[in-house]
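Next comes entry17.cif, a file with mmCIF, C-alpha atoms.
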data_final
loop_
_atom_site.label_atom_id
_atom_site.label_comp_id
_atom_site.auth_asym_id
_atom_site.auth_seq_id
_atom_site.Cartn_x
_atom_site.Cartn_y
_atom_site.Cartn_z
CA SER A 1 -97.04 43.14 58.57
CA LYS A 2 -94.59 44.50 61.15
CA ILE A 3 -94.69 44.82 64.93
CA THR A 4 -92.23 46.58 67.26
CA LEU A 5 -92.16 45.77 70.99
CA ASP A 6 -90.40 47.93 73.60
CA ARG A 7 -90.24 46.96 77.31
CA VAL A 8 -92.93 44.31 76.90
CA ILE A 9 -93.27 41.26 79.16
CA ILE A 10 -94.75 37.98 77.83
CA GLN A 11 -94.95 35.38 80.58
CA ASN A 12 -96.58 32.02 81.40
CA CYS A 13 -98.20 31.51 77.99
CA SER A 14 -98.69 28.18 76.23
CA ALA A 15 -99.48 27.02 72.69
CA GLY A 16 -100.30 23.82 70.85
CA ASN A 17 -101.00 23.10 67.18
CA LEU A 18 -98.32 25.22 65.40
CA GLY A 19 -96.24 26.10 68.48
CA GLY A 20 -94.79 29.43 69.55
CA GLY A 21 -95.71 29.55 73.23
CA GLY A 22 -95.53 33.34 73.30
CA ILE A 23 -95.65 34.44 69.66
CA LEU A 24 -96.18 32.85 66.25
CA LEU A 25 -94.63 34.77 63.33
CA ASP A 26 -95.91 33.49 60.02
CA GLU A 27 -96.05 34.25 56.29
CA GLY A 28 -93.96 37.41 55.79
CA SER A 29 -94.47 38.95 59.23
CA ARG A 30 -91.69 40.91 60.96
CA ALA A 31 -91.14 41.44 64.69
CA ASN A 32 -88.60 43.75 66.29
CA PHE A 33 -88.02 43.39 70.03
CA SER A 34 -86.41 46.57 71.28
CA PHE A 35 -84.99 47.46 74.70
CA GLY A 36 -86.08 45.74 77.89
CA CYS A 37 -88.40 43.02 76.59
CA VAL A 38 -88.81 39.86 78.67
CA LEU A 39 -90.18 36.49 77.57
CA SER A 40 -90.36 34.11 80.50
CA ASP A 41 -91.86 30.68 81.24
CA ASN A 42 -93.63 30.29 77.91
CA LYS A 43 -93.98 26.82 76.42
CA ALA A 44 -95.07 24.71 73.48
CA PRO A 45 -95.26 21.32 75.19
CA THR A 46 -96.24 19.33 72.08
CA GLU A 47 -94.79 21.58 69.38
CA PHE A 48 -91.82 23.82 68.49
CA GLY A 49 -90.61 27.17 69.82
CA GLY A 50 -91.27 27.68 73.51
CA HIS A 51 -91.27 31.47 73.24
CA ILE A 52 -91.44 32.16 69.49
CA ARG A 53 -91.96 30.20 66.29
CA VAL A 54 -90.69 31.88 63.12
CA SER A 55 -92.00 30.54 59.81
CA THR A 56 -91.22 32.43 56.58
CA ALA A 57 -90.77 35.49 58.76
CA MET A 58 -88.21 37.84 60.34
CA LEU A 59 -87.32 38.21 64.02
CA ARG A 60 -84.95 40.86 65.41
CA LEU A 61 -83.98 41.07 69.10
CA HIS A 62 -82.06 43.99 70.58
CA GLY A 63 -81.13 45.23 74.03
CA GLU A 64 -78.81 47.57 75.88
CA GLY A 65 -75.97 45.55 77.37
CA ASN A 66 -76.33 43.22 80.35
CA GLY A 67 -78.57 45.52 82.34
CA PRO A 68 -80.13 45.34 85.82
CA LEU A 69 -80.60 41.59 86.14
CA GLU A 70 -80.16 39.28 89.08
CA PHE A 71 -78.77 36.15 87.42
CA ASN A 72 -78.87 32.79 89.18
CA ARG A 73 -79.60 29.13 88.47
CA ASN A 74 -83.28 29.63 89.18
CA GLY A 75 -83.61 32.25 86.46
CA PHE A 76 -83.85 36.02 86.29
CA ASN A 77 -85.48 38.59 88.49
CA HIS A 78 -86.54 41.33 86.11
CA ILE A 79 -86.46 44.95 87.19
CA PHE A 80 -86.21 47.61 84.54
CA PRO A 81 -86.13 51.07 86.14
CA ASP A 82 -85.31 53.89 83.75
CA SER A 83 -82.70 55.18 86.21
CA VAL A 84 -81.27 54.69 89.68
CA ARG A 85 -79.51 57.09 92.04
CA LEU A 86 -75.93 56.30 92.93
CA GLY A 87 -74.79 58.85 95.49
CA ASP A 88 -75.42 62.24 93.97
CA ASP A 89 -75.63 60.87 90.42
CA LEU A 90 -78.71 59.72 88.52
CA VAL A 91 -77.61 56.83 86.32
CA THR A 92 -79.62 55.64 83.32
CA MET A 93 -79.91 51.85 83.42
CA LYS A 94 -79.35 49.63 80.41
CA ARG A 95 -82.19 47.33 79.46
CA PRO A 96 -81.43 43.94 77.89
CA THR A 97 -83.94 41.83 76.04
CA VAL A 98 -84.22 38.48 77.81
CA MET A 99 -85.69 35.07 77.01
CA THR A 100 -85.67 32.65 79.92
CA ARG A 101 -87.20 29.32 80.90
CA GLY A 102 -88.81 28.58 77.56
CA SER A 103 -89.61 24.97 76.78
CA ALA A 104 -90.72 22.98 73.73
CA ILE A 105 -90.05 19.64 72.11
CA SER A 106 -87.51 21.44 69.89
CA GLY A 107 -86.24 25.02 70.06
CA GLY A 108 -86.80 25.78 73.74
CA SER A 109 -86.92 29.52 73.08
CA ILE A 110 -87.02 29.94 69.28
CA TYR A 111 -87.87 27.62 66.43
CA CYS A 112 -87.19 28.95 62.93
CA ILE A 113 -88.13 27.32 59.64
CA ALA A 114 -88.09 28.44 55.98
CA SER A 115 -86.74 31.90 56.87
CA LYS A 116 -83.69 32.95 54.86
CA THR A 117 -82.09 36.39 54.53
CA PRO A 118 -82.40 39.09 53.35
CA ASN A 119 -86.14 39.17 53.96
CA ALA A 120 -86.42 36.69 56.82
CA GLY A 121 -84.43 34.92 59.53
CA VAL A 122 -83.44 35.50 63.16
CA THR A 123 -81.02 38.08 64.58
CA LEU A 124 -79.95 38.19 68.22
CA GLY A 125 -78.44 41.63 68.67
CA SER A 126 -76.21 43.06 71.36
CA GLY A 127 -77.85 43.02 74.77
CA THR A 128 -79.93 39.91 74.01
CA GLU A 129 -79.81 37.02 76.48
CA ILE A 130 -81.32 33.52 76.20
CA ALA A 131 -80.95 31.35 79.30
CA PHE A 132 -82.41 28.36 81.14
CA SER A 133 -84.46 27.21 78.16
CA SER A 134 -84.88 23.58 77.21
CA ALA A 135 -85.90 21.19 74.45
CA SER A 136 -87.36 17.93 75.64
CA LEU A 137 -88.81 15.26 73.39
CA GLN A 138 -92.16 14.18 74.79
CA HIS A 139 -94.66 13.30 72.09
CA ARG A 140 -92.67 12.86 68.87
CA SER A 141 -89.69 10.96 67.56
CA GLY A 142 -86.67 12.54 65.92
CA SER A 143 -86.76 15.83 67.81
CA GLY A 144 -85.71 17.16 71.22
CA ASP A 145 -82.93 19.33 69.77
CA GLY A 146 -81.86 22.93 70.33
CA GLY A 147 -82.20 23.98 73.97
CA ALA A 148 -82.42 27.66 73.02
CA ILE A 149 -82.81 27.69 69.22
CA ALA A 150 -83.61 25.13 66.54
CA ALA A 151 -83.34 26.20 62.91
CA VAL A 152 -84.18 24.45 59.62
CA ILE A 153 -83.74 26.30 56.30
CA CYS A 154 -83.19 29.44 58.38
CA ASP A 155 -80.43 32.04 58.77
CA VAL A 156 -79.46 32.87 62.35
CA SER A 157 -77.18 35.80 63.23
CA VAL A 158 -75.80 36.21 66.76
CA VAL A 159 -74.21 39.63 67.28
CA GLY A 160 -72.86 40.24 70.78
CA ALA A 161 -75.56 38.10 72.44
CA LEU A 162 -75.38 35.69 75.38
CA LEU A 163 -76.74 32.12 75.34
CA SER A 164 -76.26 30.40 78.68
CA MET A 165 -77.49 27.43 80.73
CA ASN A 166 -79.75 26.06 77.99
CA LYS A 167 -80.32 22.31 77.63
CA ALA A 168 -81.27 19.78 74.97
CA LEU A 169 -82.52 17.29 77.51
CA ARG A 170 -82.86 14.34 75.12
CA GLY A 171 -81.23 15.56 71.93
CA ASN A 172 -78.40 17.57 70.39
CA GLY A 173 -77.35 21.21 70.46
CA GLY A 174 -77.55 22.50 74.02
CA ALA A 175 -77.85 26.08 72.80
CA VAL A 176 -78.44 25.85 69.03
CA TYR A 177 -79.42 23.06 66.64
CA LEU A 178 -78.86 23.72 62.93
CA GLY A 179 -80.73 21.35 60.66
CA ALA A 180 -80.84 21.05 56.87
CA GLY A 181 -80.27 24.34 55.08
CA ALA A 182 -79.67 26.39 58.24
CA LYS A 183 -76.88 28.94 58.61
CA LEU A 184 -75.36 30.49 61.73
CA THR A 185 -73.05 33.49 61.99
CA SER A 186 -71.75 34.52 65.41
CA ARG A 187 -69.62 37.61 65.96
CA ALA A 188 -68.94 40.70 68.07
CA GLY A 189 -68.00 38.81 71.22
CA SER A 190 -71.06 36.58 71.46
CA ILE A 191 -70.90 34.09 74.34
CA PHE A 192 -72.14 30.49 74.58
CA THR A 193 -71.61 29.29 78.14
CA GLY A 194 -72.90 26.56 80.43
CA ASN A 195 -75.09 24.93 77.79
CA GLN A 196 -75.64 21.17 77.80
CA ALA A 197 -76.82 18.52 75.36
CA HIS A 198 -77.80 14.99 76.30
CA GLY A 199 -76.28 13.88 72.97
CA SER A 200 -73.74 15.86 70.92
CA GLY A 201 -72.86 19.53 70.52
CA GLY A 202 -72.92 21.04 74.00
CA ALA A 203 -73.35 24.51 72.53
CA LEU A 204 -73.85 24.08 68.76
CA PHE A 205 -74.86 21.13 66.62
CA CYS A 206 -74.92 21.11 62.81
CA ASP A 207 -76.64 18.34 60.87
CA GLY A 208 -76.63 19.21 57.18
CA CYS A 209 -76.47 22.96 57.82
CA THR A 210 -75.11 25.15 55.02
CA THR A 211 -72.47 27.24 56.82
CA LEU A 212 -71.28 27.91 60.36
CA GLU A 213 -69.17 31.01 61.03
CA LEU A 214 -67.69 31.98 64.40
CA LYS A 215 -65.95 35.37 64.25
CA ASN A 216 -64.65 38.35 66.18
CA GLY A 217 -64.15 37.01 69.68
CA THR A 218 -67.00 34.51 69.93
CA ARG A 219 -66.52 32.55 73.18
CA LEU A 220 -67.62 28.97 73.86
CA GLU A 221 -66.97 27.90 77.43
CA HIS A 222 -68.17 25.37 80.01
CA ASN A 223 -70.45 23.60 77.53
CA ILE A 224 -71.11 19.85 77.84
CA ALA A 225 -72.05 17.08 75.40
CA GLY A 226 -73.13 14.51 77.96
CA SER A 227 -73.18 11.24 76.03
CA GLY A 228 -71.98 12.37 72.60
CA ASN A 229 -69.30 14.26 70.68
CA GLY A 230 -68.18 17.88 70.56
CA GLY A 231 -68.31 19.57 73.95
CA ALA A 232 -68.72 22.95 72.27
CA LEU A 233 -69.36 22.10 68.59
CA CYS A 234 -70.46 18.99 66.77
CA ILE A 235 -70.50 19.47 63.01
CA GLY A 236 -71.77 16.80 60.66
CA ASN A 237 -72.27 17.02 56.90
CA PRO A 238 -72.19 20.81 56.42
CA LEU A 239 -73.09 21.62 52.82
CA GLU A 240 -70.53 24.40 52.37
CA TYR A 241 -67.95 25.38 55.02
CA THR A 242 -67.22 26.03 58.69
CA THR A 243 -65.05 28.95 59.82
CA SER A 244 -63.74 29.80 63.26
CA GLN A 245 -61.79 33.07 63.29
CA ASP A 246 -60.52 34.67 66.50
CA SER A 247 -62.94 32.58 68.57
CA LYS A 248 -62.13 31.06 71.95
CA PHE A 249 -62.90 27.62 73.44
CA PHE A 250 -62.49 27.11 77.19
CA ASN A 251 -63.36 24.21 79.51
CA ASN A 252 -65.77 22.34 77.25
CA SER A 253 -66.22 18.58 77.58
CA ALA A 254 -67.75 15.62 75.74
CA GLY A 255 -68.78 12.17 76.92
CA LEU A 256 -67.21 10.65 73.80
CA ASP A 257 -64.85 12.46 71.41
CA GLY A 258 -63.87 16.04 70.68
CA GLY A 259 -63.82 17.93 73.98
CA ALA A 260 -64.08 21.20 72.07
CA VAL A 261 -64.96 20.29 68.46
CA ALA A 262 -66.10 17.15 66.64
CA TYR A 263 -66.15 17.46 62.85
CA SER A 264 -67.19 14.89 60.27
CA ASN A 265 -67.37 15.55 56.54
CA TYR A 266 -64.97 14.71 53.72
CA LEU A 267 -66.64 17.15 51.27
CA ALA A 268 -66.75 20.48 53.16
CA ASP A 269 -63.88 22.59 54.49
CA MET A 270 -63.19 23.71 58.04
CA GLU A 271 -60.94 26.69 58.66
CA LEU A 272 -59.52 27.72 62.03
CA SER A 273 -57.60 30.98 62.26
CA ALA A 274 -56.73 33.90 64.52
CA ASP A 275 -56.38 37.56 63.66
#

Take the structure in the file and write it out as structure tokens.
Amino acid sequence: SKITLDRVIIQNCSAGNLGGGGILLDEGSRANFSFGCVLSDNKAPTEFGGHIRVSTAMLRLHGEGNGPLEFNRNGFNHIFPDSVRLGDDLVTMKRPTVMTRGSAISGGSIYCIASKTPNAGVTLGSGTEIAFSSASLQHRSGSGDGGAIAAVICDVSVVGALLSMNKALRGNGGAVYLGAGAKLTSRAGSIFTGNQAHGSGGALFCDGCTTLELKNGTRLEHNIAGSGNGGALCIGNPLEYTTSQDSKFFNNSAGLDGGAVAYSNYLADMELSAD
């Protein structure tokens, strides 16, 4: 089945059992979030995926640039007028799709499992923003990872999206945690900024992921690994390869080693290059 959402708000919802505080996508389902959708303050306090859980399913998020948002440390104020008058001109406003203040024990905004391309997986398109979400281990051991996204056996594509101010409060991967069999591709000027992990990987953490590709002007800046390694990236035991091409690392920091990148694997290759 397939659902398309346009300018929809999902707020202050909660889920237990399977998780997905706002939405559960399961068994071949497909969801397309179009322009101006907002998911805010949803939670899965004892499970995974504060806003959305994706299991053997496909999730696509799209927006129109960084539209009319007031952005501050307390979150977003959401106003989505179709147009505003500037002097004598009527200007059509752009409408991003926003996820903010999601919380779960893992994957503060999105948790994805068993969802590989071409028929499944997660895509954050241009104009998508995930901010102020958190993963916090409360009731289980071995979790608490991925402040914004946690993925296991899942393909994640970030295309011109913004992930900012997300936190793994007791784990790894302030913005994204990639577990066994997960893949991440980031391109088209995607930005990871101000994310923080209690452990390692202030922005991105890979633990047995398949591949990690950062391309086409991806920026990682002001991310923090509080008590671990890899202020921006911590990569451990990737199954295939890691590539960073024309990506930029600014002002990241780690409590231990690798202010920008910490990499550990004698079997897989890591390639850094610039166009």

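If you count all atoms listed in the file and ignore residues fewer than 4 places along the chain from Ser253 of chain A, what sits within 6 Å of it is Ile224, Gly231 and Gly259 of chain A.
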
Legend entry - Output of the PyMOL selection byres ((chain A and resi 161) around 7), listed as a ChimeraX atom specification: /A:124-129,158-160,162-163,190-191

Legend entry - Residue neighbourhood Ile3 of chain A, 7 Å, all atoms listed in the file, exclusion window fewer than 3 positions, as a ChimeraX atom specification: /A:30-32

Inset, instruction - Could you jot down the atom CA of Thr210 of chain A to atom CA of Ala120 of chain A separation for me, Å, one decimal place? - result: 16.3 Å

Legend entry - Answer key for the PyMOL selection byres ((chain A and resi 40-53) around 9), residues as a ChimeraX atom specification: /A:9-26,38-39,54-55,76,98-113,133-140,148-150

Inset, instruction - Measuring atom to atom with all atoms listed in the file, identify which of A:Arg187, A:His62, A:Lys116, A:His198 is nearest to Leu214 of chain A. - result: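 Looking at the shortest contact to Leu214 of chain A, the residue is A:Arg187.
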
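For the pair atom CA of Gly174 of chain A and atom CA of Asn216 of chain A, the separation is 21.9 Å.
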
Residues proximal to (-76.9, 26.9, 58.4) were defined as those with any atom within 10 Å of that point in the file's coordinates, counting all atoms listed in the file. Which are they, as an mmCIF file with C-alpha atoms, keeping the file's coordinate frame?
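For reference, selection.cif as written:
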data_model
loop_
_atom_site.group_PDB
_atom_site.id
_atom_site.type_symbol
_atom_site.label_atom_id
_atom_site.label_comp_id
_atom_site.auth_asym_id
_atom_site.auth_seq_id
_atom_site.Cartn_x
_atom_site.Cartn_y
_atom_site.Cartn_z
ATOM 1 C CA LYS A 116 -83.690 32.950 54.860
ATOM 2 C CA ALA A 151 -83.340 26.200 62.910
ATOM 3 C CA VAL A 152 -84.180 24.450 59.620
ATOM 4 C CA ILE A 153 -83.740 26.300 56.300
ATOM 5 C CA CYS A 154 -83.190 29.440 58.380
ATOM 6 C CA ASP A 155 -80.430 32.040 58.770
ATOM 7 C CA VAL A 156 -79.460 32.870 62.350
ATOM 8 C CA TYR A 177 -79.420 23.060 66.640
ATOM 9 C CA LEU A 178 -78.860 23.720 62.930
ATOM 10 C CA GLY A 179 -80.730 21.350 60.660
ATOM 11 C CA ALA A 180 -80.840 21.050 56.870
ATOM 12 C CA GLY A 181 -80.270 24.340 55.080
ATOM 13 C CA ALA A 182 -79.670 26.390 58.240
ATOM 14 C CA LYS A 183 -76.880 28.940 58.610
ATOM 15 C CA LEU A 184 -75.360 30.490 61.730
ATOM 16 C CA THR A 185 -73.050 33.490 61.990
ATOM 17 C CA CYS A 206 -74.920 21.110 62.810
ATOM 18 C CA ASP A 207 -76.640 18.340 60.870
ATOM 19 C CA GLY A 208 -76.630 19.210 57.180
ATOM 20 C CA CYS A 209 -76.470 22.960 57.820
ATOM 21 C CA THR A 210 -75.110 25.150 55.020
ATOM 22 C CA THR A 211 -72.470 27.240 56.820
ATOM 23 C CA LEU A 212 -71.280 27.910 60.360
ATOM 24 C CA GLU A 213 -69.170 31.010 61.030
ATOM 25 C CA PRO A 238 -72.190 20.810 56.420
ATOM 26 C CA LEU A 239 -73.090 21.620 52.820
ATOM 27 C CA GLU A 240 -70.530 24.400 52.370
ATOM 28 C CA TYR A 241 -67.950 25.380 55.020
ATOM 29 C CA THR A 242 -67.220 26.030 58.690
#

Inset, instruction - Find the distance between atom CA of Gly147 of chain A and atom CA of Arg95 of chain A and write it in Å to one decimal. - result: 24.0 Å

Inset, instruction - Determine the residue set returned by the PyMOL selection byres ((chain A and resi 27) around 6) for the present structure, and present it as a list of chain:residue names. - result: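 Applying the expression gives A:Asp26, A:Gly28, A:Ser29, A:Thr56, A:Ala57.
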
Inset, instruction - Return the single residue from A:Leu169, A:Ala254, A:Leu220, A:Val261 that is closest to Leu233 of chain A, with distances computed using all atoms listed in the file. - result: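 When distances to Leu233 of chain A are compared using all atoms listed in the file, the smallest one comes from A:Val261.
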
Inset, instruction - Using only C-alpha atoms, determine which residues lie at most 6 Å from Arg7 of chain A, disregarding the query and same-chain residues fewer than 3 positions distant; provide the list as a ChimeraX atom specification. - result: /A:35-37

Legend entry - Counting all atoms listed in the file, the residue of A:Ala188, A:Ala114, A:Ala203, A:Cys234 that sits nearest Leu256 of chain A: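 Looking only at the distances to Leu256 of chain A, the closest residue turns out to be A:Cys234.
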
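Ranking A:Val122, A:Ala260, A:Val8, A:Ala131 by their shortest atom-to-atom distance to His222 of chain A, with all atoms listed in the file included, puts A:Ala260 first.
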
Since fewer atoms than expected are present, regenerate N, CA and C atoms for segment 12-34 of chain A and write them as a PDB file, keeping the file's coordinate frame.
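In the end it all went to rebuild18.pdb:
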ATOM      1  N   ASN A  12     -95.656  33.101  81.048  1.00  0.00           N
ATOM      2  CA  ASN A  12     -96.580  32.020  81.400  1.00  0.00           C
ATOM      3  C   ASN A  12     -97.672  31.786  80.360  1.00  0.00           C
ATOM      4  N   CYS A  13     -97.270  31.805  79.081  1.00  0.00           N
ATOM      5  CA  CYS A  13     -98.200  31.510  77.990  1.00  0.00           C
ATOM      6  C   CYS A  13     -97.874  30.136  77.405  1.00  0.00           C
ATOM      7  N   SER A  14     -98.869  29.523  76.761  1.00  0.00           N
ATOM      8  CA  SER A  14     -98.690  28.180  76.230  1.00  0.00           C
ATOM      9  C   SER A  14     -99.419  28.047  74.895  1.00  0.00           C
ATOM     10  N   ALA A  15     -98.857  27.217  74.005  1.00  0.00           N
ATOM     11  CA  ALA A  15     -99.480  27.020  72.690  1.00  0.00           C
ATOM     12  C   ALA A  15     -99.378  25.566  72.268  1.00  0.00           C
ATOM     13  N   GLY A  16    -100.335  25.131  71.483  1.00  0.00           N
ATOM     14  CA  GLY A  16    -100.300  23.820  70.850  1.00  0.00           C
ATOM     15  C   GLY A  16    -100.358  24.017  69.347  1.00  0.00           C
ATOM     16  N   ASN A  17    -100.790  23.029  68.622  1.00  0.00           N
ATOM     17  CA  ASN A  17    -101.000  23.100  67.180  1.00  0.00           C
ATOM     18  C   ASN A  17     -99.721  23.491  66.445  1.00  0.00           C
ATOM     19  N   LEU A  18     -99.499  24.792  66.155  1.00  0.00           N
ATOM     20  CA  LEU A  18     -98.320  25.220  65.400  1.00  0.00           C
ATOM     21  C   LEU A  18     -97.139  25.586  66.281  1.00  0.00           C
ATOM     22  N   GLY A  19     -97.332  25.722  67.584  1.00  0.00           N
ATOM     23  CA  GLY A  19     -96.240  26.100  68.480  1.00  0.00           C
ATOM     24  C   GLY A  19     -96.112  27.599  68.638  1.00  0.00           C
ATOM     25  N   GLY A  20     -94.980  28.020  69.230  1.00  0.00           N
ATOM     26  CA  GLY A  20     -94.790  29.430  69.550  1.00  0.00           C
ATOM     27  C   GLY A  20     -95.550  29.762  70.811  1.00  0.00           C
ATOM     28  N   GLY A  21     -94.992  29.354  71.969  1.00  0.00           N
ATOM     29  CA  GLY A  21     -95.710  29.550  73.230  1.00  0.00           C
ATOM     30  C   GLY A  21     -96.087  30.978  73.511  1.00  0.00           C
ATOM     31  N   GLY A  22     -95.221  31.924  73.118  1.00  0.00           N
ATOM     32  CA  GLY A  22     -95.530  33.340  73.300  1.00  0.00           C
ATOM     33  C   GLY A  22     -96.031  34.003  72.042  1.00  0.00           C
ATOM     34  N   ILE A  23     -95.333  33.755  70.929  1.00  0.00           N
ATOM     35  CA  ILE A  23     -95.650  34.440  69.660  1.00  0.00           C
ATOM     36  C   ILE A  23     -95.438  33.490  68.493  1.00  0.00           C
ATOM     37  N   LEU A  24     -96.343  33.542  67.526  1.00  0.00           N
ATOM     38  CA  LEU A  24     -96.180  32.850  66.250  1.00  0.00           C
ATOM     39  C   LEU A  24     -96.013  33.907  65.164  1.00  0.00           C
ATOM     40  N   LEU A  25     -94.885  33.873  64.465  1.00  0.00           N
ATOM     41  CA  LEU A  25     -94.630  34.770  63.330  1.00  0.00           C
ATOM     42  C   LEU A  25     -94.721  33.938  62.058  1.00  0.00           C
ATOM     43  N   ASP A  26     -95.622  34.325  61.181  1.00  0.00           N
ATOM     44  CA  ASP A  26     -95.910  33.490  60.020  1.00  0.00           C
ATOM     45  C   ASP A  26     -96.058  34.324  58.762  1.00  0.00           C
ATOM     46  N   GLU A  27     -95.714  33.735  57.618  1.00  0.00           N
ATOM     47  CA  GLU A  27     -96.050  34.250  56.290  1.00  0.00           C
ATOM     48  C   GLU A  27     -95.703  35.730  56.081  1.00  0.00           C
ATOM     49  N   GLY A  28     -94.405  36.053  56.123  1.00  0.00           N
ATOM     50  CA  GLY A  28     -93.960  37.410  55.790  1.00  0.00           C
ATOM     51  C   GLY A  28     -94.045  38.414  56.911  1.00  0.00           C
ATOM     52  N   SER A  29     -94.403  38.001  58.111  1.00  0.00           N
ATOM     53  CA  SER A  29     -94.470  38.950  59.230  1.00  0.00           C
ATOM     54  C   SER A  29     -93.072  39.278  59.745  1.00  0.00           C
ATOM     55  N   ARG A  30     -92.963  40.447  60.410  1.00  0.00           N
ATOM     56  CA  ARG A  30     -91.690  40.910  60.960  1.00  0.00           C
ATOM     57  C   ARG A  30     -91.920  41.406  62.379  1.00  0.00           C
ATOM     58  N   ALA A  31     -91.038  40.983  63.303  1.00  0.00           N
ATOM     59  CA  ALA A  31     -91.140  41.440  64.690  1.00  0.00           C
ATOM     60  C   ALA A  31     -89.786  41.967  65.134  1.00  0.00           C
ATOM     61  N   ASN A  32     -89.802  43.134  65.758  1.00  0.00           N
ATOM     62  CA  ASN A  32     -88.600  43.750  66.290  1.00  0.00           C
ATOM     63  C   ASN A  32     -88.785  43.957  67.791  1.00  0.00           C
ATOM     64  N   PHE A  33     -88.000  43.222  68.588  1.00  0.00           N
ATOM     65  CA  PHE A  33     -88.020  43.390  70.030  1.00  0.00           C
ATOM     66  C   PHE A  33     -86.936  44.395  70.398  1.00  0.00           C
ATOM     67  N   SER A  34     -87.345  45.511  70.951  1.00  0.00           N
ATOM     68  CA  SER A  34     -86.410  46.570  71.280  1.00  0.00           C
ATOM     69  C   SER A  34     -85.954  46.419  72.723  1.00  0.00           C
TER      70      SER A  34
END
